[in-house]
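Containing mmCIF, C-alpha atoms: work.cif.
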```cif
data_data
loop_
_atom_site.label_atom_id
_atom_site.label_comp_id
_atom_site.auth_asym_id
_atom_site.auth_seq_id
_atom_site.Cartn_x
_atom_site.Cartn_y
_atom_site.Cartn_z
CA MET S 1351 -120.97 125.21 147.49
CA SER S 1352 -119.59 125.24 151.05
CA LEU S 1353 -120.15 129.00 151.42
CA LEU S 1354 -123.73 128.63 150.16
CA ASP S 1355 -124.21 125.85 152.72
CA ASN S 1356 -123.07 128.29 155.39
CA PHE S 1357 -125.60 130.85 154.12
CA GLN S 1358 -128.28 128.24 154.62
CA SER S 1359 -127.17 126.78 157.96
CA GLU S 1360 -125.74 129.74 159.91
CA ARG S 1361 -127.76 132.56 161.48
CA GLU S 1362 -124.71 134.82 161.62
CA LEU S 1363 -121.75 134.63 159.28
CA VAL S 1364 -118.65 136.86 159.21
CA ILE S 1365 -116.65 136.54 156.00
CA GLY S 1366 -113.11 137.91 155.69
CA LYS S 1367 -112.00 137.83 152.11
CA ALA S 1368 -109.82 138.92 149.24
CA ASN S 1369 -111.30 141.11 146.52
CA GLN S 1370 -113.53 139.80 143.76
CA GLN S 1371 -114.55 136.53 145.40
CA GLY S 1372 -118.18 136.71 144.26
CA VAL S 1373 -119.56 136.94 147.81
CA SER S 1374 -121.85 139.89 147.02
CA TRP S 1375 -123.18 138.03 143.96
CA LEU S 1376 -123.93 135.00 146.14
CA ALA S 1377 -125.62 137.20 148.74
CA CYS S 1378 -127.76 138.81 146.04
CA ALA S 1379 -128.66 135.42 144.56
CA TYR S 1380 -129.56 133.99 147.97
CA GLY S 1381 -131.09 136.93 149.82
CA GLY S 1382 -132.14 139.12 146.91
CA VAL S 1383 -133.59 136.49 144.57
CA TRP S 1384 -134.16 133.02 146.05
CA LEU S 1385 -135.58 134.13 149.41
CA PRO S 1386 -138.11 136.69 148.09
CA LEU S 1387 -139.13 134.58 145.07
CA PHE S 1388 -139.89 131.42 146.97
CA HIS S 1389 -140.97 132.83 150.35
CA ASP S 1390 -143.83 135.21 151.11
CA ASP S 1391 -143.45 138.29 153.32
CA VAL S 1392 -139.64 138.24 153.23
CA MET S 1393 -137.65 141.42 153.76
CA SER S 1394 -134.03 141.27 152.56
CA LEU S 1395 -131.92 144.22 153.65
CA PHE S 1396 -128.63 145.09 151.96
CA LEU S 1397 -126.32 147.68 153.54
CA SER S 1398 -123.31 149.18 151.80
CA HIS S 1399 -120.89 152.00 152.59
CA LYS S 1400 -122.43 154.29 149.96
CA GLU S 1401 -125.35 154.52 147.53
CA GLN S 1402 -123.91 154.88 144.06
CA GLY S 1403 -121.50 152.04 143.44
CA GLY S 1404 -122.59 150.47 146.72
CA SER S 1405 -126.18 149.73 147.74
CA TRP S 1406 -127.52 150.59 144.26
CA GLU S 1407 -125.01 148.18 142.73
CA LEU S 1408 -126.34 145.37 144.95
CA ILE S 1409 -129.89 146.02 143.67
CA ASN S 1410 -128.56 145.97 140.10
CA LYS S 1411 -126.99 142.57 140.74
CA CYS S 1412 -130.31 141.24 142.03
CA LYS S 1413 -132.09 142.59 138.92
CA TYR S 1414 -129.46 141.11 136.62
CA ILE S 1415 -130.01 137.64 138.11
CA LEU S 1416 -133.80 138.03 137.94
CA ARG S 1417 -133.64 139.13 134.32
CA PHE S 1418 -131.92 135.94 133.22
CA LEU S 1419 -134.17 133.51 135.08
CA PRO S 1420 -136.31 131.20 132.89
CA ASP S 1421 -139.80 132.43 132.04
CA PHE S 1422 -141.58 130.22 134.54
CA LEU S 1423 -139.63 131.88 137.38
CA GLN S 1424 -140.23 135.46 136.27
CA ARG S 1425 -142.30 137.58 138.67
CA GLU S 1426 -143.89 141.00 138.38
CA PHE S 1427 -142.76 143.80 140.66
CA ASN S 1428 -144.92 146.16 142.64
CA THR S 1429 -141.91 148.46 143.08
CA ASP S 1430 -138.78 148.67 140.98
CA SER S 1431 -136.36 151.48 141.87
CA LYS S 1432 -132.66 152.05 142.36
CA SER S 1433 -132.87 151.03 145.98
CA GLU S 1434 -135.85 148.63 146.24
CA ILE S 1435 -137.54 145.67 144.62
CA LYS S 1436 -140.99 144.76 145.93
CA PHE S 1437 -142.68 141.56 144.71
CA LYS S 1438 -146.40 140.85 144.56
CA ASN S 1439 -146.02 138.14 147.22
CA GLU S 1440 -145.26 140.99 149.67
CA SER S 1441 -141.58 140.09 149.73
CA SER S 1442 -139.07 142.86 149.11
CA VAL S 1443 -135.41 143.70 148.76
CA LEU S 1444 -134.18 147.02 150.13
CA ALA S 1445 -130.66 148.42 149.74
CA LEU S 1446 -129.47 151.32 151.89
CA PRO S 1447 -126.21 153.18 152.49
CA SER S 1448 -124.83 152.47 155.95
CA THR S 1449 -125.81 155.29 158.28
CA GLN S 1450 -126.06 155.17 162.06
CA ARG S 1451 -129.74 154.17 161.91
CA ALA S 1452 -129.96 152.40 158.54
CA GLY S 1453 -132.37 149.48 158.79
CA ALA S 1454 -133.83 150.57 162.13
CA GLY S 1455 -137.46 149.52 162.50
CA PHE S 1456 -137.41 147.00 159.61
CA ASN S 1457 -138.47 143.45 160.33
CA ALA S 1458 -135.80 141.94 158.09
CA SER S 1459 -135.45 138.25 157.31
CA PHE S 1460 -132.01 138.57 155.78
CA VAL S 1461 -129.36 141.27 156.34
CA PHE S 1462 -126.20 141.54 154.25
CA ARG S 1463 -123.58 144.13 155.16
CA ASP S 1464 -121.23 144.40 152.20
CA GLU S 1465 -117.61 145.61 152.58
CA LEU S 1466 -118.36 146.23 156.24
CA ASP S 1467 -114.88 147.51 157.11
CA LEU S 1468 -115.61 150.56 154.93
CA HIS S 1469 -118.90 151.44 156.68
CA PRO S 1470 -118.45 154.76 158.50
CA TYR S 1471 -120.99 153.87 161.21
CA ALA S 1472 -120.64 150.08 161.33
CA LYS S 1473 -120.67 149.76 165.11
CA GLU S 1474 -123.44 152.31 165.66
CA ASN S 1475 -125.56 150.77 162.94
CA PHE S 1476 -125.18 147.30 164.46
CA ALA S 1477 -127.07 148.45 167.55
CA PHE S 1478 -130.09 149.31 165.38
CA ILE S 1479 -130.20 146.14 163.29
CA SER S 1480 -129.41 143.75 166.16
CA PRO S 1481 -133.03 143.61 167.44
CA THR S 1482 -134.09 142.23 164.07
CA ILE S 1483 -131.52 139.45 164.32
CA ASP S 1484 -132.11 138.69 168.00
CA ALA S 1485 -135.91 138.63 167.84
CA GLY S 1486 -136.50 135.97 165.19
CA ALA S 1487 -134.89 133.69 162.65
CA ALA S 1488 -133.29 136.43 160.58
CA LYS S 1489 -129.83 135.89 159.11
CA LEU S 1490 -126.95 138.36 159.28
CA ILE S 1491 -124.09 138.06 156.80
CA ASP S 1492 -121.11 140.40 157.23
CA ALA S 1493 -118.45 140.37 154.50
CA SER S 1494 -115.43 142.55 153.82
CA THR S 1495 -111.85 142.96 152.79
CA ARG S 1496 -109.62 144.74 155.31
CA ASN S 1497 -109.55 148.51 155.61
CA PRO S 1498 -105.84 149.09 156.35
CA ASP S 1499 -106.51 152.62 157.62
CA ILE S 1500 -108.35 151.34 160.72
CA ALA S 1501 -106.55 149.64 163.58
CA ARG S 1502 -107.86 146.15 164.25
CA GLU S 1503 -109.04 147.18 167.73
CA GLU S 1504 -111.11 150.01 166.22
CA SER S 1505 -112.64 147.93 163.43
CA HIS S 1506 -116.17 146.70 164.13
CA PHE S 1507 -115.82 144.16 161.34
CA MET S 1508 -112.48 142.77 162.53
CA GLN S 1509 -113.68 142.57 166.12
CA ARG S 1510 -116.72 140.59 164.99
CA TYR S 1511 -114.54 138.32 162.87
CA LEU S 1512 -112.17 137.62 165.76
CA ALA S 1513 -115.04 137.14 168.22
CA ALA S 1514 -116.65 134.61 165.87
CA LYS S 1515 -113.34 132.85 165.26
CA GLU S 1516 -112.69 132.55 169.00
CA GLY S 1517 -116.25 131.45 169.83
CA ARG S 1518 -117.13 134.56 171.83
CA ILE S 1519 -120.27 135.22 169.76
CA LYS S 1520 -122.70 132.85 168.10
CA ALA S 1521 -121.42 133.42 164.60
CA LYS S 1522 -119.18 131.56 162.19
CA ALA S 1523 -116.01 133.13 160.78
CA VAL S 1524 -115.01 132.20 157.24
CA PHE S 1525 -111.90 133.33 155.37
CA LEU S 1526 -111.64 133.34 151.58
CA GLY S 1527 -108.14 133.97 150.23
CA TRP S 1528 -107.53 135.02 146.65
CA ARG S 1529 -106.74 131.43 145.61
CA GLU S 1530 -110.27 130.33 146.59
CA ARG S 1531 -111.49 131.63 143.25
CA PRO S 1532 -110.37 128.86 140.86
CA THR S 1533 -110.01 130.95 137.69
CA ARG S 1534 -109.37 134.67 137.21
CA ALA S 1535 -108.36 135.04 133.56
CA GLU S 1536 -108.84 132.59 130.73
CA GLY S 1537 -105.61 130.91 129.66
CA MET S 1538 -103.71 131.96 132.80
CA THR S 1539 -102.86 129.96 135.89
CA GLN S 1540 -103.59 131.52 139.28
CA ASP S 1541 -99.91 132.32 139.81
CA GLU S 1542 -99.56 133.86 136.35
CA TRP S 1543 -102.64 136.00 136.96
CA PHE S 1544 -101.36 137.15 140.35
CA GLU S 1545 -97.89 138.03 139.08
CA GLU S 1546 -99.06 139.86 135.93
CA ARG S 1547 -102.39 141.36 136.98
CA VAL S 1548 -101.86 142.07 140.67
CA ARG S 1549 -98.21 142.21 141.73
CA GLN S 1550 -97.15 144.39 138.78
CA ARG S 1551 -100.14 146.70 139.02
CA TYR S 1552 -100.63 147.41 142.71
CA PRO S 1553 -98.34 148.60 145.52
CA GLU S 1554 -97.63 146.12 148.31
CA TRP S 1555 -100.00 147.75 150.80
CA GLU S 1556 -102.95 147.31 148.40
CA ILE S 1557 -102.00 143.69 147.78
CA ASP S 1558 -101.91 143.06 151.52
CA ALA S 1559 -105.27 144.70 152.08
CA HIS S 1560 -107.16 143.41 149.05
CA TYR S 1561 -105.51 140.14 148.01
CA PRO S 1562 -104.44 138.19 151.13
CA GLU S 1563 -103.68 134.54 150.44
CA THR S 1564 -103.85 133.24 154.00
CA GLU S 1565 -105.87 134.12 157.07
CA ALA S 1566 -102.63 135.08 158.84
CA GLN S 1567 -102.02 137.73 156.16
CA PHE S 1568 -105.63 138.89 156.46
CA LEU S 1569 -105.32 139.33 160.23
CA ALA S 1570 -101.87 140.94 160.18
CA GLU S 1571 -101.42 144.66 160.84
CA ALA S 1572 -99.47 146.52 158.16
CA ARG S 1573 -97.43 143.44 157.16
CA ALA S 1574 -95.97 144.82 153.94
CA THR S 1575 -96.39 148.52 154.61
CA ARG S 1576 -94.45 148.85 157.84
CA TYR S 1577 -92.48 152.05 158.01
CA PHE S 1578 -90.07 150.61 160.55
CA ASP S 1579 -87.87 147.64 159.71
CA PRO S 1580 -89.52 144.39 160.98
CA ALA S 1581 -86.15 142.84 161.87
CA GLY S 1582 -85.25 145.93 163.89
CA ILE S 1583 -88.61 145.80 165.70
CA ASP S 1584 -88.15 142.11 166.48
CA PHE S 1585 -84.67 142.84 167.85
CA ILE S 1586 -86.15 145.43 170.20
CA ARG S 1587 -88.97 143.11 171.25
CA LYS S 1588 -86.53 140.37 172.27
CA ASP S 1589 -84.78 142.82 174.60
CA CYS S 1590 -87.93 143.86 176.48
CA TYR S 1591 -88.44 143.00 180.13
CA ASP S 1592 -90.23 144.44 183.16
CA PRO S 1593 -88.53 147.43 184.82
CA PRO S 1594 -86.74 146.62 188.10
CA GLU S 1595 -88.03 149.88 189.61
CA THR S 1596 -91.12 152.07 189.14
CA ASP S 1597 -92.38 155.40 190.44
CA TYR S 1598 -95.60 157.45 190.33
CA ASP S 1599 -97.78 154.31 190.66
CA GLY S 1600 -96.03 152.58 187.79
CA ILE S 1601 -96.12 155.49 185.35
CA VAL S 1602 -92.33 155.90 185.59
CA LYS S 1603 -90.36 152.77 184.67
CA ILE S 1604 -86.65 152.57 185.51
CA TRP S 1605 -84.31 150.03 183.93
CA GLU S 1606 -81.00 151.60 184.95
CA GLN S 1607 -79.99 154.08 187.66
CA PRO S 1608 -77.88 157.06 186.56
CA VAL S 1609 -74.15 156.41 186.32
CA ALA S 1610 -71.86 159.07 187.77
CA GLY S 1611 -70.21 161.13 185.06
CA ARG S 1612 -72.47 159.72 182.33
CA ASN S 1613 -74.40 162.07 180.03
CA TYR S 1614 -78.12 161.62 179.36
CA CYS S 1615 -80.71 163.33 177.18
CA SER S 1616 -84.50 163.35 177.43
CA PHE S 1617 -87.58 164.19 175.42
CA LEU S 1618 -91.24 164.65 176.41
CA ASP S 1619 -94.35 164.25 174.25
CA PRO S 1620 -96.87 165.82 176.68
CA SER S 1621 -100.60 165.37 177.11
CA ASP S 1622 -103.26 166.83 179.37
CA GLY S 1623 -104.76 163.54 180.54
CA SER S 1624 -107.02 162.66 177.61
CA ASP S 1625 -104.34 160.51 175.98
CA PRO S 1626 -100.99 159.17 177.20
CA HIS S 1627 -97.88 161.28 177.58
CA ALA S 1628 -94.45 159.79 176.88
CA ALA S 1629 -91.07 160.85 178.23
CA GLY S 1630 -87.80 158.99 177.85
CA TRP S 1631 -84.25 159.26 179.19
CA LEU S 1632 -81.46 157.98 176.96
CA ASP S 1633 -77.82 157.22 177.77
CA VAL S 1634 -76.07 159.27 175.06
CA VAL S 1635 -73.14 156.85 174.73
CA THR S 1636 -74.80 153.42 174.92
CA LYS S 1637 -78.10 154.56 173.33
CA ARG S 1638 -79.92 152.64 176.05
CA LEU S 1639 -83.39 153.91 177.03
CA VAL S 1640 -82.87 153.79 180.78
CA CYS S 1641 -86.18 155.29 181.93
CA VAL S 1642 -89.66 155.86 180.49
CA SER S 1643 -92.66 157.80 181.81
CA HIS S 1644 -95.86 156.76 180.06
CA GLY S 1645 -99.52 157.17 180.99
CA LYS S 1646 -102.47 159.52 181.24
CA VAL S 1647 -101.70 162.43 183.57
CA LYS S 1648 -102.32 166.18 183.49
CA ALA S 1649 -99.79 168.44 181.79
CA GLU S 1650 -98.51 169.86 185.06
CA LYS S 1651 -97.82 166.34 186.32
CA CYS S 1652 -96.00 165.54 183.06
CA ALA S 1653 -93.76 168.52 183.70
CA GLU S 1654 -93.22 167.58 187.34
CA ILE S 1655 -92.10 164.07 186.37
CA PHE S 1656 -89.96 165.41 183.55
CA ASP S 1657 -88.21 167.90 185.85
CA LYS S 1658 -87.60 165.33 188.59
CA TYR S 1659 -86.03 162.73 186.35
CA ASN S 1660 -84.07 165.23 184.29
CA ARG S 1661 -82.33 166.20 187.53
CA PHE S 1662 -82.08 162.52 188.57
CA TYR S 1663 -80.27 161.60 185.34
CA ASN S 1664 -77.37 164.01 185.87
CA ASN S 1665 -79.28 167.07 184.66
CA ALA S 1666 -80.20 165.46 181.33
CA PHE S 1667 -80.07 167.64 178.23
CA ASN S 1668 -83.80 167.96 177.54
CA GLU S 1669 -86.50 169.07 175.12
CA PHE S 1670 -90.28 168.70 174.74
CA GLU S 1671 -92.96 168.95 172.06
CA LEU S 1672 -94.77 172.29 172.02
CA ASN S 1673 -97.84 171.67 169.88
CA ASN S 1674 -100.96 172.45 171.87
CA GLU S 1675 -102.32 173.63 175.20
CA ALA S 1676 -100.67 170.70 177.00
CA GLY S 1677 -97.29 171.75 175.60
CA ARG S 1678 -97.83 175.33 176.67
CA LYS S 1679 -98.72 174.22 180.20
CA VAL S 1680 -95.60 172.06 180.33
CA ALA S 1681 -93.49 175.01 179.13
CA GLN S 1682 -94.83 177.26 181.89
CA THR S 1683 -94.35 174.62 184.61
CA LEU S 1684 -90.78 173.89 183.51
CA ASP S 1685 -90.11 177.64 183.63
CA ASP S 1686 -91.54 177.79 187.15
CA LEU S 1687 -89.49 174.77 188.27
CA GLN S 1688 -86.36 176.21 186.64
CA THR S 1689 -85.59 172.87 185.04
CA PRO S 1690 -81.84 172.78 184.25
CA ASN S 1691 -80.01 172.07 180.99
CA ARG S 1692 -82.90 172.79 178.62
CA ARG S 1693 -82.28 172.81 174.89
CA VAL S 1694 -82.72 176.30 173.40
CA THR S 1695 -84.69 176.22 170.15
CA GLY S 1696 -84.42 179.95 169.55
CA VAL S 1697 -83.91 183.36 171.14
CA SER S 1698 -86.73 185.90 171.16
CA LYS S 1699 -86.38 189.59 170.30
CA ASP S 1700 -86.12 190.40 173.99
CA ARG S 1701 -83.21 187.91 174.14
CA LYS S 1702 -85.12 185.40 176.23
CA ASN S 1703 -84.55 181.73 175.48
CA LYS S 1704 -87.28 179.84 173.60
CA TYR S 1705 -87.92 176.23 174.46
CA GLY S 1706 -89.95 173.45 172.86
CA TRP S 1707 -90.26 171.94 169.38
CA TRP S 1708 -93.26 172.72 167.21
CA THR S 1709 -93.97 169.58 165.15
CA GLY S 1710 -97.29 170.55 163.55
CA GLY S 1711 -98.16 171.03 159.90
CA ASN S 1712 -97.44 168.51 157.17
CA MET S 1713 -95.68 165.65 158.93
CA ASN S 1714 -94.30 164.40 155.61
CA SER S 1715 -92.64 167.67 154.66
CA LYS S 1716 -88.84 167.53 154.66
CA ALA S 1717 -88.82 170.88 156.43
CA ASN S 1718 -90.94 169.55 159.28
CA ILE S 1719 -89.24 168.43 162.49
CA ARG S 1720 -91.81 165.63 162.78
CA SER S 1721 -90.61 164.23 159.49
CA LEU S 1722 -86.99 164.47 160.63
CA MET S 1723 -87.87 162.74 163.91
CA LEU S 1724 -89.52 159.85 162.08
CA GLU S 1725 -86.71 159.50 159.56
CA GLY S 1726 -84.07 159.53 162.29
CA LEU S 1727 -85.94 156.94 164.33
CA GLU S 1728 -86.49 154.71 161.28
CA GLU S 1729 -82.75 154.75 160.62
CA ALA S 1730 -81.93 153.98 164.25
CA VAL S 1731 -84.39 151.04 164.37
CA ARG S 1732 -83.18 149.64 161.04
CA ASN S 1733 -79.53 149.82 162.08
CA ILE S 1734 -80.20 148.51 165.62
CA ARG S 1735 -78.82 151.60 167.32
CA LEU S 1736 -81.24 151.77 170.25
CA ARG S 1737 -81.48 149.49 173.24
CA ILE S 1738 -85.10 149.49 174.42
CA HIS S 1739 -86.76 147.38 177.12
CA TYR S 1740 -90.31 148.79 177.23
CA ASN S 1741 -92.65 146.33 175.53
CA GLU S 1742 -95.19 148.96 174.47
CA ILE S 1743 -92.65 150.54 172.10
CA PRO S 1744 -92.29 147.70 169.55
CA ASN S 1745 -96.08 147.40 169.54
CA GLU S 1746 -96.40 151.06 168.46
CA LEU S 1747 -93.61 150.72 165.91
CA ASP S 1748 -95.41 147.74 164.38
CA TYR S 1749 -98.47 149.79 163.42
CA VAL S 1750 -96.83 152.69 161.60
CA THR S 1751 -97.27 152.50 157.84
CA ARG S 1752 -96.08 154.33 154.76
CA ARG S 1753 -98.33 154.29 151.71
CA ASP S 1754 -97.79 156.49 148.70
CA GLY S 1755 -95.09 158.33 150.62
CA VAL S 1756 -97.37 159.20 153.54
CA VAL S 1757 -96.41 158.02 157.03
CA ASN S 1758 -99.12 157.55 159.64
CA SER S 1759 -100.61 155.30 162.29
CA PRO S 1760 -103.98 153.59 161.81
CA ARG S 1761 -107.04 155.29 163.26
CA GLY S 1762 -107.31 154.44 166.94
CA LYS S 1763 -103.58 153.99 167.57
CA HIS S 1764 -101.35 156.29 169.63
CA ASP S 1765 -97.95 157.52 168.46
CA ASP S 1766 -96.74 159.19 171.67
CA LEU S 1767 -93.93 156.68 172.29
CA ILE S 1768 -92.80 156.97 168.69
CA MET S 1769 -92.64 160.76 168.88
CA MET S 1770 -90.77 160.52 172.17
CA LEU S 1771 -88.18 158.19 170.61
CA GLY S 1772 -87.92 160.33 167.49
CA GLY S 1773 -87.27 163.36 169.66
CA LEU S 1774 -84.62 161.49 171.63
CA VAL S 1775 -82.79 160.48 168.46
CA GLN S 1776 -82.74 164.10 167.27
CA ILE S 1777 -81.65 165.61 170.58
CA ALA S 1778 -78.99 162.91 171.10
CA ARG S 1779 -77.45 164.00 167.81
CA ASP S 1780 -77.30 167.61 168.95
CA THR S 1781 -73.75 168.72 169.61
CA GLY S 1782 -75.14 170.68 172.54
CA ALA S 1783 -75.51 167.43 174.46
CA ARG S 1784 -72.40 168.34 176.46
CA GLY S 1785 -70.10 167.43 173.61
CA ASP S 1786 -71.26 163.82 173.23
CA VAL S 1787 -72.64 163.32 169.74
CA ALA S 1788 -74.66 160.11 169.33
CA GLU S 1789 -74.12 158.44 165.93
CA PHE S 1790 -77.09 156.39 164.74
CA SER S 1791 -76.27 155.64 161.11
CA SER S 1792 -74.48 152.29 161.32
CA GLY S 1793 -73.16 149.58 163.59
CA TYR S 1794 -74.64 148.21 166.81
CA CYS S 1795 -75.40 149.47 170.28
CA VAL S 1796 -72.64 149.31 172.85
CA GLY S 1797 -72.63 145.77 174.22
CA PHE S 1798 -74.57 144.37 171.25
CA GLY S 1799 -73.13 141.76 168.92
CA PRO S 1800 -74.23 141.07 165.34
CA ARG S 1801 -77.63 139.53 164.72
#
```
Can you turn what I pasted into structure tokens?
Amino acid sequence: MSLLDNFQSERELVIGKANQQGVSWLACAYGGVWLPLFHDDVMSLFLSHKEQGGSWELINKCKYILRFLPDFLQREFNTDSKSEIKFKNESSVLALPSTQRAGAGFNASFVFRDELDLHPYAKENFAFISPTIDAGAAKLIDASTRNPDIAREESHFMQRYLAAKEGRIKAKAVFLGWRERPTRAEGMTQDEWFEERVRQRYPEWEIDAHYPETEAQFLAEARATRYFDPAGIDFIRKDCYDPPETDYDGIVKIWEQPVAGRNYCSFLDPSDGSDPHAAGWLDVVTKRLVCVSHGKVKAEKCAEIFDKYNRFYNNAFNEFELNNEAGRKVAQTLDDLQTPNRRVTGVSKDRKNKYGWWTGGNMNSKANIRSLMLEGLEEAVRNIRLRIHYNEIPNELDYVTRRDGVVNSPRGKHDDLIMMLGGLVQIARDTGARGDVAEFSSGYCVGFGPR
């Protein structure tokens, strides 16, 4: 009854939940039956991510409850359709798929947004329904499981949940883990049901997304679906500290000056200013990332920085990603600057050297260099073969997931640092790196002891 009490007492409620908790049934009973039956001129608005199997299903739930009410509570309808119920007391229930302007112009008394993290226009739609909530005594109930394909920062639902939890908005956050439902299958305990009906049937990433037990699991990013080893990421994170030196207004971060006679390699994931570029310089022997350039700058500036610090680090053996217009601009600028010690990826028919890696296409194909970069980096992180001090790197590694064999980052997250590291691992293995071959398959970094 505590959730029903919250329906009654709170104007805005944000419910994070496991699957099949009965929240939509409660919302239909409260906002789709009790409110319109016992109150005149009520408008209840239900929004779902789609019509069939979404908003229509919510109307069907309302009708199911109405059909089984005792005779003295039965009411005639003025309108009875897939998406609307209109009572003779001028109260109505309307269910709509979530579009950018769904619900705009309606003077709703009750708004329920079901499985909000799946709504394609959740944030845009909120701007159109907010006047209804702000103007009067209307209630807004948001409820959803997590959508693991959206980064928490990009999720309208998760941002509302966190804002309510932290008291930044006038709403109450409520979490319902899978154990909150007392019975799931007759004759089975909760643990028996979970082991037999959930753990054996679903992959770990679906369990994490749809059946969290605790709020910490609900809030976690990619807890069970991490592509990179969590212990390896934690090891990197503990070794992070601010760079002693910086350049280019903090874009270049230097942890170690070049050592005379030492060999270095470098890799650049370029950009043209719309998103961050990432370049790194690695000591081939110690596998220490001694310098990083990271930030939003034009392609020509990326190349300028890359050229300068390649020369600085003893003419580092270098390579860059050649995927788009930014890569082509970098290629031309490096040609103009006559950057030394570039890795040759091929020789053209006119016998001119070709530079730059093309990493497009299917990133999960074994033949794709992007796949090889990710696999090599995963191995290096798992075996603790990289010494990294830049605190943005473990944050990026944390978000990368693999589900059903597909590796990606959630929508709204960058992977530039990951691609830079993956490129470094590959180029450090290249025997062309002045004869020093970096081995990443086992053991620890130079100067590292066992965990």
Counting only C-alpha atoms, what is within 8 Å of region 1662-1677 of chain S, bar same-chain residues fewer than 4 positions away, as number ranges by chain?
S: 1607-1608, 1610-1622, 1631, 1649, 1658, 1681, 1690-1693, 1705-1710, 1773, 1777, 1783-1784
Please write the residues picked by the PyMOL selection byres ((chain S and resi 1491) around 12) on this file as an MDAnalysis selection string.
chainID S and resid 1353:1354 1356:1366 1373:1374 1376:1378 1380:1381 1394:1397 1459:1466 1483 1488:1490 1492:1494 1507 1510:1511 1521:1524
Go ahead and write the residues just picked, C-alpha atoms, as a PDB file, keeping the file's coordinate frame.
```pdb
ATOM      1  CA  LEU S1353    -120.150 129.000 151.420  1.00  0.00           C
ATOM      2  CA  LEU S1354    -123.730 128.630 150.160  1.00  0.00           C
ATOM      3  CA  ASN S1356    -123.070 128.290 155.390  1.00  0.00           C
ATOM      4  CA  PHE S1357    -125.600 130.850 154.120  1.00  0.00           C
ATOM      5  CA  GLN S1358    -128.280 128.240 154.620  1.00  0.00           C
ATOM      6  CA  SER S1359    -127.170 126.780 157.960  1.00  0.00           C
ATOM      7  CA  GLU S1360    -125.740 129.740 159.910  1.00  0.00           C
ATOM      8  CA  ARG S1361    -127.760 132.560 161.480  1.00  0.00           C
ATOM      9  CA  GLU S1362    -124.710 134.820 161.620  1.00  0.00           C
ATOM     10  CA  LEU S1363    -121.750 134.630 159.280  1.00  0.00           C
ATOM     11  CA  VAL S1364    -118.650 136.860 159.210  1.00  0.00           C
ATOM     12  CA  ILE S1365    -116.650 136.540 156.000  1.00  0.00           C
ATOM     13  CA  GLY S1366    -113.110 137.910 155.690  1.00  0.00           C
ATOM     14  CA  VAL S1373    -119.560 136.940 147.810  1.00  0.00           C
ATOM     15  CA  SER S1374    -121.850 139.890 147.020  1.00  0.00           C
ATOM     16  CA  LEU S1376    -123.930 135.000 146.140  1.00  0.00           C
ATOM     17  CA  ALA S1377    -125.620 137.200 148.740  1.00  0.00           C
ATOM     18  CA  CYS S1378    -127.760 138.810 146.040  1.00  0.00           C
ATOM     19  CA  TYR S1380    -129.560 133.990 147.970  1.00  0.00           C
ATOM     20  CA  GLY S1381    -131.090 136.930 149.820  1.00  0.00           C
ATOM     21  CA  SER S1394    -134.030 141.270 152.560  1.00  0.00           C
ATOM     22  CA  LEU S1395    -131.920 144.220 153.650  1.00  0.00           C
ATOM     23  CA  PHE S1396    -128.630 145.090 151.960  1.00  0.00           C
ATOM     24  CA  LEU S1397    -126.320 147.680 153.540  1.00  0.00           C
ATOM     25  CA  SER S1459    -135.450 138.250 157.310  1.00  0.00           C
ATOM     26  CA  PHE S1460    -132.010 138.570 155.780  1.00  0.00           C
ATOM     27  CA  VAL S1461    -129.360 141.270 156.340  1.00  0.00           C
ATOM     28  CA  PHE S1462    -126.200 141.540 154.250  1.00  0.00           C
ATOM     29  CA  ARG S1463    -123.580 144.130 155.160  1.00  0.00           C
ATOM     30  CA  ASP S1464    -121.230 144.400 152.200  1.00  0.00           C
ATOM     31  CA  GLU S1465    -117.610 145.610 152.580  1.00  0.00           C
ATOM     32  CA  LEU S1466    -118.360 146.230 156.240  1.00  0.00           C
ATOM     33  CA  ILE S1483    -131.520 139.450 164.320  1.00  0.00           C
ATOM     34  CA  ALA S1488    -133.290 136.430 160.580  1.00  0.00           C
ATOM     35  CA  LYS S1489    -129.830 135.890 159.110  1.00  0.00           C
ATOM     36  CA  LEU S1490    -126.950 138.360 159.280  1.00  0.00           C
ATOM     37  CA  ASP S1492    -121.110 140.400 157.230  1.00  0.00           C
ATOM     38  CA  ALA S1493    -118.450 140.370 154.500  1.00  0.00           C
ATOM     39  CA  SER S1494    -115.430 142.550 153.820  1.00  0.00           C
ATOM     40  CA  PHE S1507    -115.820 144.160 161.340  1.00  0.00           C
ATOM     41  CA  ARG S1510    -116.720 140.590 164.990  1.00  0.00           C
ATOM     42  CA  TYR S1511    -114.540 138.320 162.870  1.00  0.00           C
ATOM     43  CA  ALA S1521    -121.420 133.420 164.600  1.00  0.00           C
ATOM     44  CA  LYS S1522    -119.180 131.560 162.190  1.00  0.00           C
ATOM     45  CA  ALA S1523    -116.010 133.130 160.780  1.00  0.00           C
ATOM     46  CA  VAL S1524    -115.010 132.200 157.240  1.00  0.00           C
TER      47      VAL S1524
END
```
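In this model, the gap between CA of Gln1540 (chain S) and CA of Leu1569 (chain S) comes to 22.4 Å.
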One number please: CA of Ser1441 (chain S) to CA of Lys1367 (chain S), in Å, one decimal.
29.8 Å
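Proximity of S:Phe1478, S:Tyr1577, S:Thr1539, S:Trp1406 to Phe1456 (chain S), computed with only C-alpha atoms, is greatest for S:Phe1478.
Once the PyMOL selection byres ((chain S and resi 1531) around 10) is applied to this file, the selection holds Ala1368, Gln1370, Gln1371, Gly1372, Leu1526, Gly1527, Trp1528, Arg1529, Glu1530, Pro1532, Thr1533, Arg1534 and Gln1540 of chain S.
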